[in-house]
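Source file: my_file.pdb (PDB, C-alpha atoms)
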ATOM      1  CA  MET L 178       0.000   0.000   0.000
ATOM      2  CA  SER L 179       1.038   3.582  -0.464
ATOM      3  CA  HIS L 180      -0.155   6.590   1.463
ATOM      4  CA  THR L 181      -2.695   8.791  -0.315
ATOM      5  CA  PHE L 182      -4.349  12.098   0.513
ATOM      6  CA  PRO L 183      -8.139  11.582   0.700
ATOM      7  CA  ASP L 184     -10.790  13.970  -0.508
ATOM      8  CA  LEU L 185     -12.748  15.914   2.083
ATOM      9  CA  PRO L 186     -16.030  13.978   2.482
ATOM     10  CA  TYR L 187     -18.201  17.108   2.089
ATOM     11  CA  ALA L 188     -18.026  20.676   0.743
ATOM     12  CA  TYR L 189     -16.145  23.373   2.649
ATOM     13  CA  ASP L 190     -19.396  25.131   3.603
ATOM     14  CA  SER L 191     -21.291  21.984   4.607
ATOM     15  CA  LEU L 192     -20.660  22.342   8.336
ATOM     16  CA  GLU L 193     -21.819  25.950   8.609
ATOM     17  CA  PRO L 194     -22.812  27.709  10.782
ATOM     18  CA  TYR L 195     -20.875  25.601  13.272
ATOM     19  CA  ILE L 196     -17.580  25.502  11.364
ATOM     20  CA  ASP L 197     -17.166  28.158   8.685
ATOM     21  CA  ALA L 198     -16.191  27.471   5.080
ATOM     22  CA  LYS L 199     -12.989  29.531   5.185
ATOM     23  CA  THR L 200     -11.704  27.603   8.199
ATOM     24  CA  MET L 201     -12.482  24.315   6.474
ATOM     25  CA  GLU L 202     -10.771  25.377   3.247
ATOM     26  CA  VAL L 203      -7.577  26.575   4.926
ATOM     27  CA  HIS L 204      -7.521  23.711   7.417
ATOM     28  CA  TYR L 205      -7.915  20.996   4.776
ATOM     29  CA  SER L 206      -6.122  22.417   1.737
ATOM     30  CA  LYS L 207      -3.255  24.095   3.614
ATOM     31  CA  HIS L 208      -2.679  22.583   7.058
ATOM     32  CA  HIS L 209      -3.720  18.984   6.374
ATOM     33  CA  LYS L 210      -2.155  18.869   2.918
ATOM     34  CA  THR L 211       1.122  20.248   4.292
ATOM     35  CA  TYR L 212       1.253  17.530   6.960
ATOM     36  CA  PHE L 213       0.698  14.918   4.260
ATOM     37  CA  ASP L 214       3.325  16.367   1.908
ATOM     38  CA  LYS L 215       5.928  16.611   4.682
ATOM     39  CA  PHE L 216       5.123  13.079   5.859
ATOM     40  CA  ILE L 217       5.640  11.714   2.342
ATOM     41  CA  ALA L 218       8.919  13.632   2.073
ATOM     42  CA  ALA L 219      10.069  12.229   5.435
ATOM     43  CA  ILE L 220       9.440   8.588   4.445
ATOM     44  CA  ASN L 221      10.465   8.860   0.796
ATOM     45  CA  GLY L 222      12.858   6.075  -0.156
ATOM     46  CA  THR L 223      12.389   4.169   3.111
ATOM     47  CA  GLU L 224      10.458   1.028   4.042
ATOM     48  CA  LEU L 225       7.843   3.280   5.663
ATOM     49  CA  GLU L 226       6.535   4.190   2.217
ATOM     50  CA  ASN L 227       4.597   0.920   2.202
ATOM     51  CA  THR L 228       4.086   0.473   5.952
ATOM     52  CA  PRO L 229       0.554   0.985   7.353
ATOM     53  CA  LEU L 230       0.195   4.051   9.553
ATOM     54  CA  SER L 231      -0.867   1.884  12.502
ATOM     55  CA  GLU L 232       2.455   0.032  12.340
ATOM     56  CA  ILE L 233       4.419   3.252  12.001
ATOM     57  CA  PHE L 234       2.657   4.735  15.027
ATOM     58  CA  ALA L 235       3.143   1.572  17.111
ATOM     59  CA  ASN L 236       6.895   2.195  16.878
ATOM     60  CA  ILE L 237       6.841   5.977  16.522
ATOM     61  CA  SER L 238       9.414   6.485  19.286
ATOM     62  CA  GLN L 239      11.970   4.880  16.965
ATOM     63  CA  HIS L 240      11.291   7.270  14.087
ATOM     64  CA  ALA L 241      12.308  10.835  13.349
ATOM     65  CA  PRO L 242      10.250  13.758  14.686
ATOM     66  CA  ALA L 243       9.234  14.619  11.102
ATOM     67  CA  VAL L 244       7.543  11.230  10.789
ATOM     68  CA  ARG L 245       5.841  11.548  14.179
ATOM     69  CA  ASN L 246       4.602  15.109  13.715
ATOM     70  CA  ASN L 247       3.578  14.948  10.065
ATOM     71  CA  GLY L 248       2.354  11.349  10.048
ATOM     72  CA  GLY L 249       0.229  12.195  13.052
ATOM     73  CA  GLY L 250      -1.050  15.348  11.412
ATOM     74  CA  PHE L 251      -1.966  13.375   8.296
ATOM     75  CA  TYR L 252      -3.846  10.616  10.148
ATOM     76  CA  ASN L 253      -5.451  12.764  12.850
ATOM     77  CA  HIS L 254      -7.127  15.063  10.354
ATOM     78  CA  VAL L 255      -8.527  12.192   8.290
ATOM     79  CA  LEU L 256     -10.291  10.853  11.382
ATOM     80  CA  TYR L 257     -11.399  14.347  12.426
ATOM     81  CA  TRP L 258     -13.017  15.050   9.018
ATOM     82  CA  ASN L 259     -14.712  11.660   8.922
ATOM     83  CA  CYS L 260     -16.159  12.126  12.401
ATOM     84  CA  MET L 261     -18.143  15.161  11.199
ATOM     85  CA  THR L 262     -21.049  15.489   8.792
ATOM     86  CA  PRO L 263     -23.723  17.992   7.761
ATOM     87  CA  ASN L 264     -26.880  17.511   9.814
ATOM     88  CA  GLY L 265     -24.908  15.614  12.436
ATOM     89  CA  GLY L 266     -25.129  15.858  16.181
ATOM     90  CA  GLY L 267     -27.627  14.250  18.489
ATOM     91  CA  CYS L 268     -26.411  11.024  20.010
ATOM     92  CA  PRO L 269     -25.498   7.530  18.832
ATOM     93  CA  ASN L 270     -27.613   4.440  19.244
ATOM     94  CA  GLY L 271     -27.098   0.718  19.427
ATOM     95  CA  GLU L 272     -23.960  -0.836  20.863
ATOM     96  CA  LEU L 273     -21.997   2.424  21.058
ATOM     97  CA  MET L 274     -24.717   4.195  23.040
ATOM     98  CA  ASN L 275     -24.987   1.217  25.363
ATOM     99  CA  ALA L 276     -21.221   1.266  25.913
ATOM    100  CA  ILE L 277     -21.215   5.018  26.591
ATOM    101  CA  ILE L 278     -23.958   4.668  29.208
ATOM    102  CA  GLU L 279     -22.262   1.658  30.787
ATOM    103  CA  THR L 280     -18.893   3.420  30.925
ATOM    104  CA  PHE L 281     -19.807   7.008  31.741
ATOM    105  CA  GLY L 282     -23.257   6.730  33.312
ATOM    106  CA  SER L 283     -25.115   8.765  30.690
ATOM    107  CA  PHE L 284     -24.561  10.402  27.330
ATOM    108  CA  ALA L 285     -24.675  13.824  28.986
ATOM    109  CA  GLN L 286     -21.941  12.801  31.403
ATOM    110  CA  PHE L 287     -19.838  11.488  28.527
ATOM    111  CA  GLN L 288     -20.275  14.783  26.655
ATOM    112  CA  GLN L 289     -19.183  16.743  29.706
ATOM    113  CA  LEU L 290     -16.098  14.597  30.302
ATOM    114  CA  PHE L 291     -15.098  14.737  26.638
ATOM    115  CA  THR L 292     -15.678  18.502  26.533
ATOM    116  CA  ASP L 293     -13.550  18.942  29.664
ATOM    117  CA  ALA L 294     -10.735  16.874  28.140
ATOM    118  CA  ALA L 295     -10.816  19.033  25.011
ATOM    119  CA  ILE L 296     -10.981  22.342  26.888
ATOM    120  CA  ASN L 297      -8.150  21.331  29.218
ATOM    121  CA  THR L 298      -5.784  20.138  26.494
ATOM    122  CA  PHE L 299      -2.898  22.537  27.058
ATOM    123  CA  GLY L 300      -1.832  24.394  23.934
ATOM    124  CA  SER L 301      -2.451  22.504  20.710
ATOM    125  CA  GLY L 302      -3.703  18.943  20.452
ATOM    126  CA  PHE L 303      -6.628  16.573  20.089
ATOM    127  CA  ALA L 304      -9.273  15.004  22.312
ATOM    128  CA  TRP L 305     -10.147  11.366  21.643
ATOM    129  CA  LEU L 306     -12.598   8.619  22.388
ATOM    130  CA  VAL L 307     -10.710   5.340  22.135
ATOM    131  CA  VAL L 308     -11.300   1.638  22.542
ATOM    132  CA  LYS L 309      -8.725  -0.142  24.701
ATOM    133  CA  GLU L 310      -9.169  -3.813  25.600
ATOM    134  CA  GLY L 311     -12.822  -3.517  24.609
ATOM    135  CA  GLN L 312     -13.463  -0.540  26.894
ATOM    136  CA  LEU L 313     -14.117   3.120  26.077
ATOM    137  CA  HIS L 314     -11.695   5.766  27.318
ATOM    138  CA  ILE L 315     -11.486   9.536  26.911
ATOM    139  CA  THR L 316      -8.010  10.949  26.468
ATOM    140  CA  SER L 317      -6.100  13.801  24.869
ATOM    141  CA  THR L 318      -2.731  14.236  23.193
ATOM    142  CA  SER L 319      -0.469  17.168  22.480
ATOM    143  CA  ASN L 320       0.427  18.517  19.065
ATOM    144  CA  GLN L 321      -0.163  15.799  16.422
ATOM    145  CA  ASP L 322       0.302  12.749  18.646
ATOM    146  CA  ASN L 323      -2.506  10.202  18.817
ATOM    147  CA  PRO L 324      -3.467   7.120  20.878
ATOM    148  CA  LEU L 325      -2.054   4.707  18.296
ATOM    149  CA  MET L 326       1.438   5.942  19.126
ATOM    150  CA  ASP L 327       3.668   4.130  21.600
ATOM    151  CA  VAL L 328       4.320   7.486  23.297
ATOM    152  CA  ALA L 329       0.645   8.090  24.207
ATOM    153  CA  SER L 330      -0.380   8.015  27.873
ATOM    154  CA  ILE L 331      -3.488   6.009  26.949
ATOM    155  CA  GLN L 332      -3.044   3.809  23.903
ATOM    156  CA  GLY L 333      -5.998   2.423  22.013
ATOM    157  CA  GLU L 334      -7.995   2.517  18.784
ATOM    158  CA  PRO L 335      -9.316   6.063  18.183
ATOM    159  CA  ILE L 336     -12.976   6.209  17.149
ATOM    160  CA  LEU L 337     -13.700   9.940  17.643
ATOM    161  CA  ALA L 338     -11.307  12.861  17.212
ATOM    162  CA  LEU L 339     -11.653  16.556  18.042
ATOM    163  CA  ASP L 340      -8.993  18.972  16.825
ATOM    164  CA  VAL L 341      -8.370  21.780  19.338
ATOM    165  CA  TRP L 342      -5.515  23.489  17.542
ATOM    166  CA  GLU L 343      -6.413  27.176  17.232
ATOM    167  CA  HIS L 344      -6.359  26.995  13.431
ATOM    168  CA  ALA L 345      -9.378  24.659  13.683
ATOM    169  CA  TYR L 346     -11.585  27.421  15.081
ATOM    170  CA  TYR L 347      -9.863  30.812  15.277
ATOM    171  CA  ILE L 348     -11.632  32.556  12.375
ATOM    172  CA  SER L 349     -15.084  32.116  13.936
ATOM    173  CA  TYR L 350     -14.312  31.694  17.607
ATOM    174  CA  GLN L 351     -10.951  33.433  18.180
ATOM    175  CA  ASN L 352      -9.706  32.187  21.575
ATOM    176  CA  ARG L 353     -13.121  30.857  22.675
ATOM    177  CA  ARG L 354     -12.306  27.137  22.541
ATOM    178  CA  PRO L 355     -15.305  26.097  24.715
ATOM    179  CA  GLU L 356     -17.668  27.814  22.256
ATOM    180  CA  TYR L 357     -16.129  25.928  19.322
ATOM    181  CA  ILE L 358     -16.401  22.614  21.170
ATOM    182  CA  ASP L 359     -20.035  23.310  22.012
ATOM    183  CA  ALA L 360     -20.739  24.006  18.319
ATOM    184  CA  TRP L 361     -18.784  20.919  17.198
ATOM    185  CA  TRP L 362     -21.212  18.572  18.955
ATOM    186  CA  ASN L 363     -23.785  19.648  16.339
ATOM    187  CA  VAL L 364     -21.778  18.121  13.483
ATOM    188  CA  VAL L 365     -20.527  14.868  15.035
ATOM    189  CA  ASN L 366     -21.136  11.949  12.666
ATOM    190  CA  TRP L 367     -22.348   9.308  15.102
ATOM    191  CA  ASP L 368     -22.927   6.789  12.314
ATOM    192  CA  ALA L 369     -19.228   6.955  11.454
ATOM    193  CA  VAL L 370     -18.171   6.811  15.104
ATOM    194  CA  SER L 371     -20.398   3.786  15.649
ATOM    195  CA  LYS L 372     -18.807   2.039  12.667
ATOM    196  CA  ASN L 373     -15.372   2.891  14.068
ATOM    197  CA  TYR L 374     -16.416   1.397  17.411
ATOM    198  CA  HIS L 375     -17.697  -1.807  15.836
ATOM    199  CA  HIS L 376     -14.516  -2.114  13.768
ATOM    200  CA  ALA L 377     -12.340  -1.604  16.838
ATOM    201  CA  LEU L 378     -14.182  -4.342  18.703
ATOM    202  CA  THR L 379     -13.932  -6.795  15.809
ATOM    203  CA  GLN L 380     -10.201  -6.050  15.497
ATOM    204  CA  GLY L 381      -9.738  -6.845  19.171
ATOM    205  CA  ALA L 382      -8.788  -3.314  20.251
TER     206      ALA L 382
END
Any chance you could put this one into structure tokens?
Amino acid sequence: MSHTFPDLPYAYDSLEPYIDAKTMEVHYSKHHKTYFDKFIAAINGTELENTPLSEIFANISQHAPAVRNNGGGFYNHVLYWNCMTPNGGGCPNGELMNAIIETFGSFAQFQQLFTDAAINTFGSGFAWLVVKEGQLHITSTSNQDNPLMDVASIQGEPILALDVWEHAYYISYQNRRPEYIDAWWNVVNWDAVSKNYHHALTQGA
């Protein structure tokens, strides 16, 4: 396999008014594409060109910072885009909803804990919902790290990602990260997250 840069799964303006079109355009076509291009440059001519990202991340501590930072930036944004959709929001159903209630007590409690993790991520980073040994966990990482990496404090299979770098929200929300997070809940693609959860369980995560 070779690493490819995927299309954005919707138009730049599809997530308005919650995430504005200009932010989406710059974030995807500039920030995300730059991470991908620098990642490809960092692995060019090495065995990593044909190594799955999950394998690269599992041994990321052995690779150069350019691979860690840009490979993470490439992967993290793909998951972030795919976890959002026009007319999203609400809450999941089925096995994911049951797991959320079992783990966190209620969906509202889960939302609060996830929101807190995102708000309290110092500087730039991501908040995550992950599956580890069949259980759900909320965690966060700095910069472009993610829970697939061997350097993460909580390792697991990410099923939901929230980007809290300022470039993800600054045009509309300036420094008001909590306001952006509150808006983001309206575009979460729970169908995609549920599929990610089912996949993680079947893969033994």
Q: Tell me which protein, DNA and RNA residues are within 12 Å of Gln289 of chain L, counting all atoms listed in the file, leaving out same-chain ones fewer than 6 positions away, and put them as a ChimeraX atom specification.
A: /L:281-283,295-297,315,355,358-359,362
Q: Between L:Glu310, L:Asp214, L:Asp190, L:Glu356, single out the one closest to Gly333 of chain L, counting all atoms listed in the file.
A: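 Among the listed residues, the smallest separation from Gly333 of chain L belongs to L:Glu310.
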Q.
When the PyMOL selection byres ((chain L and resi 201-208) around 12) is applied to the structure above, which residues does it catch, written out as a VMD selection string?
A. chain L and resid 182 to 200 209 to 215 247 250 to 251 253 to 255 257 to 258 261 321 340 342 to 349
Any chance you can output those residues with C-alpha atoms as a compact mmCIF listing (two decimals), keeping the file's coordinate frame?
# COMPACT_ATOMS: atom_id res chain seq x y z
CA PHE L 182 -4.35 12.10 0.51
CA PRO L 183 -8.14 11.58 0.70
CA ASP L 184 -10.79 13.97 -0.51
CA LEU L 185 -12.75 15.91 2.08
CA PRO L 186 -16.03 13.98 2.48
CA TYR L 187 -18.20 17.11 2.09
CA ALA L 188 -18.03 20.68 0.74
CA TYR L 189 -16.14 23.37 2.65
CA ASP L 190 -19.40 25.13 3.60
CA SER L 191 -21.29 21.98 4.61
CA LEU L 192 -20.66 22.34 8.34
CA GLU L 193 -21.82 25.95 8.61
CA PRO L 194 -22.81 27.71 10.78
CA TYR L 195 -20.88 25.60 13.27
CA ILE L 196 -17.58 25.50 11.36
CA ASP L 197 -17.17 28.16 8.68
CA ALA L 198 -16.19 27.47 5.08
CA LYS L 199 -12.99 29.53 5.18
CA THR L 200 -11.70 27.60 8.20
CA HIS L 209 -3.72 18.98 6.37
CA LYS L 210 -2.15 18.87 2.92
CA THR L 211 1.12 20.25 4.29
CA TYR L 212 1.25 17.53 6.96
CA PHE L 213 0.70 14.92 4.26
CA ASP L 214 3.32 16.37 1.91
CA LYS L 215 5.93 16.61 4.68
CA ASN L 247 3.58 14.95 10.06
CA GLY L 250 -1.05 15.35 11.41
CA PHE L 251 -1.97 13.38 8.30
CA ASN L 253 -5.45 12.76 12.85
CA HIS L 254 -7.13 15.06 10.35
CA VAL L 255 -8.53 12.19 8.29
CA TYR L 257 -11.40 14.35 12.43
CA TRP L 258 -13.02 15.05 9.02
CA MET L 261 -18.14 15.16 11.20
CA GLN L 321 -0.16 15.80 16.42
CA ASP L 340 -8.99 18.97 16.82
CA TRP L 342 -5.52 23.49 17.54
CA GLU L 343 -6.41 27.18 17.23
CA HIS L 344 -6.36 27.00 13.43
CA ALA L 345 -9.38 24.66 13.68
CA TYR L 346 -11.58 27.42 15.08
CA TYR L 347 -9.86 30.81 15.28
CA ILE L 348 -11.63 32.56 12.38
CA SER L 349 -15.08 32.12 13.94
Q | atom CA of Phe299 of chain L to atom CA of Ala241 of chain L, distance in Å rounded to a single decimal | A | 23.6 Å
Q: With a distance cut-off of 10 Å and only C-alpha atoms, select the neighbouring residues of segment 301-307 of chain L, excluding the residue or stretch itself and same-chain residues fewer than 4 positions from it, and output the selection as number ranges by chain.
A: L: 253-254, 257, 287, 291-297, 311-325, 331-344, 370, 373-374, 377, 382
What does the file look like for those residues with C-alpha atoms, as a short mmCIF file (atom, residue, chain, number, x, y, z; two decimals), keeping the file's coordinate frame?
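The file below, result-v2.cif, is the result:
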data_model
loop_
_atom_site.label_atom_id
_atom_site.label_comp_id
_atom_site.auth_asym_id
_atom_site.auth_seq_id
_atom_site.Cartn_x
_atom_site.Cartn_y
_atom_site.Cartn_z
CA ASN L 253 -5.45 12.76 12.85
CA HIS L 254 -7.13 15.06 10.35
CA TYR L 257 -11.40 14.35 12.43
CA PHE L 287 -19.84 11.49 28.53
CA PHE L 291 -15.10 14.74 26.64
CA THR L 292 -15.68 18.50 26.53
CA ASP L 293 -13.55 18.94 29.66
CA ALA L 294 -10.74 16.87 28.14
CA ALA L 295 -10.82 19.03 25.01
CA ILE L 296 -10.98 22.34 26.89
CA ASN L 297 -8.15 21.33 29.22
CA GLY L 311 -12.82 -3.52 24.61
CA GLN L 312 -13.46 -0.54 26.89
CA LEU L 313 -14.12 3.12 26.08
CA HIS L 314 -11.70 5.77 27.32
CA ILE L 315 -11.49 9.54 26.91
CA THR L 316 -8.01 10.95 26.47
CA SER L 317 -6.10 13.80 24.87
CA THR L 318 -2.73 14.24 23.19
CA SER L 319 -0.47 17.17 22.48
CA ASN L 320 0.43 18.52 19.07
CA GLN L 321 -0.16 15.80 16.42
CA ASP L 322 0.30 12.75 18.65
CA ASN L 323 -2.51 10.20 18.82
CA PRO L 324 -3.47 7.12 20.88
CA LEU L 325 -2.05 4.71 18.30
CA ILE L 331 -3.49 6.01 26.95
CA GLN L 332 -3.04 3.81 23.90
CA GLY L 333 -6.00 2.42 22.01
CA GLU L 334 -8.00 2.52 18.78
CA PRO L 335 -9.32 6.06 18.18
CA ILE L 336 -12.98 6.21 17.15
CA LEU L 337 -13.70 9.94 17.64
CA ALA L 338 -11.31 12.86 17.21
CA LEU L 339 -11.65 16.56 18.04
CA ASP L 340 -8.99 18.97 16.82
CA VAL L 341 -8.37 21.78 19.34
CA TRP L 342 -5.52 23.49 17.54
CA GLU L 343 -6.41 27.18 17.23
CA HIS L 344 -6.36 27.00 13.43
CA VAL L 370 -18.17 6.81 15.10
CA ASN L 373 -15.37 2.89 14.07
CA TYR L 374 -16.42 1.40 17.41
CA ALA L 377 -12.34 -1.60 16.84
CA ALA L 382 -8.79 -3.31 20.25
#
Q: Quote the spacing between atom CA of Phe284 of chain L and atom CA of Met326 of chain L in Å to one decimal place.
A: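 Atom CA of Phe284 of chain L sits 27.6 Å away from atom CA of Met326 of chain L.
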Q: Select, from L:Asn264, L:Leu256, L:Gly249, L:Asn275, the residue with the minimum atom-to-atom distance to Ala235 of chain L, counting only C-alpha atoms.
A: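 Of L:Asn264, L:Leu256, L:Gly249, L:Asn275, the one nearest Ala235 of chain L, counting only C-alpha atoms, is L:Gly249.
Atom CA of Gly248 of chain L is positioned 8.4 Å from atom CA of Ile217 of chain L.
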Q: Find the spatial neighbours of Asp368 of chain L, counting only C-alpha atoms, within a cut-off of 9 Å - ignore same-chain residues fewer than 4 positions away - and output them as a list in words.
A: Cys260, Pro269, Asn270, Lys372 and Asn373 of chain L
Q) Hey, what's within 7 Å of Asn363 of chain L if we count only C-alpha atoms and toss same-chain stuff fewer than 5 positions away? As a PyMOL selection string, please? A) chain L and resi 265-267
Q | Proximity to Ala276 of chain L - best of L:His180, L:Asn352, L:Val308, L:Asp327, all atoms listed in the file | A |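 For Ala276 of chain L, the nearest of the given residues is L:Val308.
Nearest-residue note for Phe216 of chain L: choosing from L:His240, L:Thr228, L:His375, L:Asn246, the minimum distance belongs to L:Asn246, counting all atoms listed in the file.
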Q) Between L:Ile277, L:Lys309, L:Thr223, L:Tyr252, which is the closest to Gly381 of chain L once you count only C-alpha atoms? A)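 Nearest candidate to Gly381 of chain L out of L:Ile277, L:Lys309, L:Thr223, L:Tyr252: L:Lys309.
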Could you add N, CA and C atoms to segment 235-261 of chain L and give me the result as a PDB file, in the coordinates of the input?
ATOM      1  N   ALA L 235       2.853   2.516  16.025  1.00  0.00           N
ATOM      2  CA  ALA L 235       3.143   1.572  17.111  1.00  0.00           C
ATOM      3  C   ALA L 235       4.606   1.609  17.516  1.00  0.00           C
ATOM      4  N   ASN L 236       5.459   2.090  16.593  1.00  0.00           N
ATOM      5  CA  ASN L 236       6.895   2.195  16.878  1.00  0.00           C
ATOM      6  C   ASN L 236       7.394   3.624  16.668  1.00  0.00           C
ATOM      7  N   ILE L 237       6.521   4.597  16.891  1.00  0.00           N
ATOM      8  CA  ILE L 237       6.841   5.977  16.522  1.00  0.00           C
ATOM      9  C   ILE L 237       8.042   6.514  17.288  1.00  0.00           C
ATOM     10  N   SER L 238       8.280   6.004  18.486  1.00  0.00           N
ATOM     11  CA  SER L 238       9.414   6.485  19.286  1.00  0.00           C
ATOM     12  C   SER L 238      10.750   6.162  18.623  1.00  0.00           C
ATOM     13  N   GLN L 239      10.741   5.248  17.662  1.00  0.00           N
ATOM     14  CA  GLN L 239      11.970   4.880  16.965  1.00  0.00           C
ATOM     15  C   GLN L 239      12.179   5.680  15.681  1.00  0.00           C
ATOM     16  N   HIS L 240      11.209   6.524  15.338  1.00  0.00           N
ATOM     17  CA  HIS L 240      11.291   7.270  14.087  1.00  0.00           C
ATOM     18  C   HIS L 240      11.589   8.748  14.339  1.00  0.00           C
ATOM     19  N   ALA L 241      11.945   9.420  13.269  1.00  0.00           N
ATOM     20  CA  ALA L 241      12.308  10.835  13.349  1.00  0.00           C
ATOM     21  C   ALA L 241      11.104  11.697  13.713  1.00  0.00           C
ATOM     22  N   PRO L 242      11.349  12.853  14.351  1.00  0.00           N
ATOM     23  CA  PRO L 242      10.250  13.758  14.686  1.00  0.00           C
ATOM     24  C   PRO L 242       9.403  14.147  13.474  1.00  0.00           C
ATOM     25  N   ALA L 243       9.996  14.256  12.298  1.00  0.00           N
ATOM     26  CA  ALA L 243       9.234  14.619  11.102  1.00  0.00           C
ATOM     27  C   ALA L 243       8.186  13.567  10.769  1.00  0.00           C
ATOM     28  N   VAL L 244       8.512  12.307  11.028  1.00  0.00           N
ATOM     29  CA  VAL L 244       7.543  11.230  10.789  1.00  0.00           C
ATOM     30  C   VAL L 244       6.434  11.290  11.838  1.00  0.00           C
ATOM     31  N   ARG L 245       6.824  11.481  13.084  1.00  0.00           N
ATOM     32  CA  ARG L 245       5.841  11.548  14.179  1.00  0.00           C
ATOM     33  C   ARG L 245       4.889  12.724  13.998  1.00  0.00           C
ATOM     34  N   ASN L 246       5.429  13.906  13.783  1.00  0.00           N
ATOM     35  CA  ASN L 246       4.602  15.109  13.715  1.00  0.00           C
ATOM     36  C   ASN L 246       3.728  15.140  12.471  1.00  0.00           C
ATOM     37  N   ASN L 247       4.318  14.837  11.314  1.00  0.00           N
ATOM     38  CA  ASN L 247       3.578  14.948  10.065  1.00  0.00           C
ATOM     39  C   ASN L 247       2.720  13.721   9.776  1.00  0.00           C
ATOM     40  N   GLY L 248       3.196  12.533  10.168  1.00  0.00           N
ATOM     41  CA  GLY L 248       2.354  11.349  10.048  1.00  0.00           C
ATOM     42  C   GLY L 248       1.136  11.458  10.942  1.00  0.00           C
ATOM     43  N   GLY L 249       1.350  11.963  12.149  1.00  0.00           N
ATOM     44  CA  GLY L 249       0.229  12.195  13.052  1.00  0.00           C
ATOM     45  C   GLY L 249      -0.733  13.226  12.496  1.00  0.00           C
ATOM     46  N   GLY L 250      -0.200  14.312  11.989  1.00  0.00           N
ATOM     47  CA  GLY L 250      -1.050  15.348  11.412  1.00  0.00           C
ATOM     48  C   GLY L 250      -1.859  14.849  10.233  1.00  0.00           C
ATOM     49  N   PHE L 251      -1.274  13.983   9.434  1.00  0.00           N
ATOM     50  CA  PHE L 251      -1.966  13.375   8.296  1.00  0.00           C
ATOM     51  C   PHE L 251      -3.121  12.499   8.791  1.00  0.00           C
ATOM     52  N   TYR L 252      -2.829  11.558   9.663  1.00  0.00           N
ATOM     53  CA  TYR L 252      -3.846  10.616  10.148  1.00  0.00           C
ATOM     54  C   TYR L 252      -4.926  11.307  10.984  1.00  0.00           C
ATOM     55  N   ASN L 253      -4.510  12.152  11.910  1.00  0.00           N
ATOM     56  CA  ASN L 253      -5.451  12.764  12.850  1.00  0.00           C
ATOM     57  C   ASN L 253      -6.543  13.548  12.132  1.00  0.00           C
ATOM     58  N   HIS L 254      -6.140  14.267  11.079  1.00  0.00           N
ATOM     59  CA  HIS L 254      -7.127  15.063  10.354  1.00  0.00           C
ATOM     60  C   HIS L 254      -8.095  14.196   9.556  1.00  0.00           C
ATOM     61  N   VAL L 255      -7.622  13.092   9.012  1.00  0.00           N
ATOM     62  CA  VAL L 255      -8.527  12.192   8.290  1.00  0.00           C
ATOM     63  C   VAL L 255      -9.644  11.721   9.219  1.00  0.00           C
ATOM     64  N   LEU L 256      -9.276  11.305  10.434  1.00  0.00           N
ATOM     65  CA  LEU L 256     -10.291  10.853  11.382  1.00  0.00           C
ATOM     66  C   LEU L 256     -11.201  12.004  11.791  1.00  0.00           C
ATOM     67  N   TYR L 257     -10.627  13.165  12.039  1.00  0.00           N
ATOM     68  CA  TYR L 257     -11.399  14.347  12.426  1.00  0.00           C
ATOM     69  C   TYR L 257     -12.448  14.687  11.369  1.00  0.00           C
ATOM     70  N   TRP L 258     -12.048  14.738  10.091  1.00  0.00           N
ATOM     71  CA  TRP L 258     -13.017  15.050   9.018  1.00  0.00           C
ATOM     72  C   TRP L 258     -14.123  13.996   8.977  1.00  0.00           C
ATOM     73  N   ASN L 259     -13.740  12.739   9.081  1.00  0.00           N
ATOM     74  CA  ASN L 259     -14.712  11.660   8.922  1.00  0.00           C
ATOM     75  C   ASN L 259     -15.646  11.524  10.116  1.00  0.00           C
ATOM     76  N   CYS L 260     -15.297  12.156  11.227  1.00  0.00           N
ATOM     77  CA  CYS L 260     -16.159  12.126  12.401  1.00  0.00           C
ATOM     78  C   CYS L 260     -17.145  13.291  12.413  1.00  0.00           C
ATOM     79  N   MET L 261     -17.198  14.055  11.306  1.00  0.00           N
ATOM     80  CA  MET L 261     -18.143  15.161  11.199  1.00  0.00           C
ATOM     81  C   MET L 261     -18.971  14.985   9.935  1.00  0.00           C
TER      82      MET L 261
END
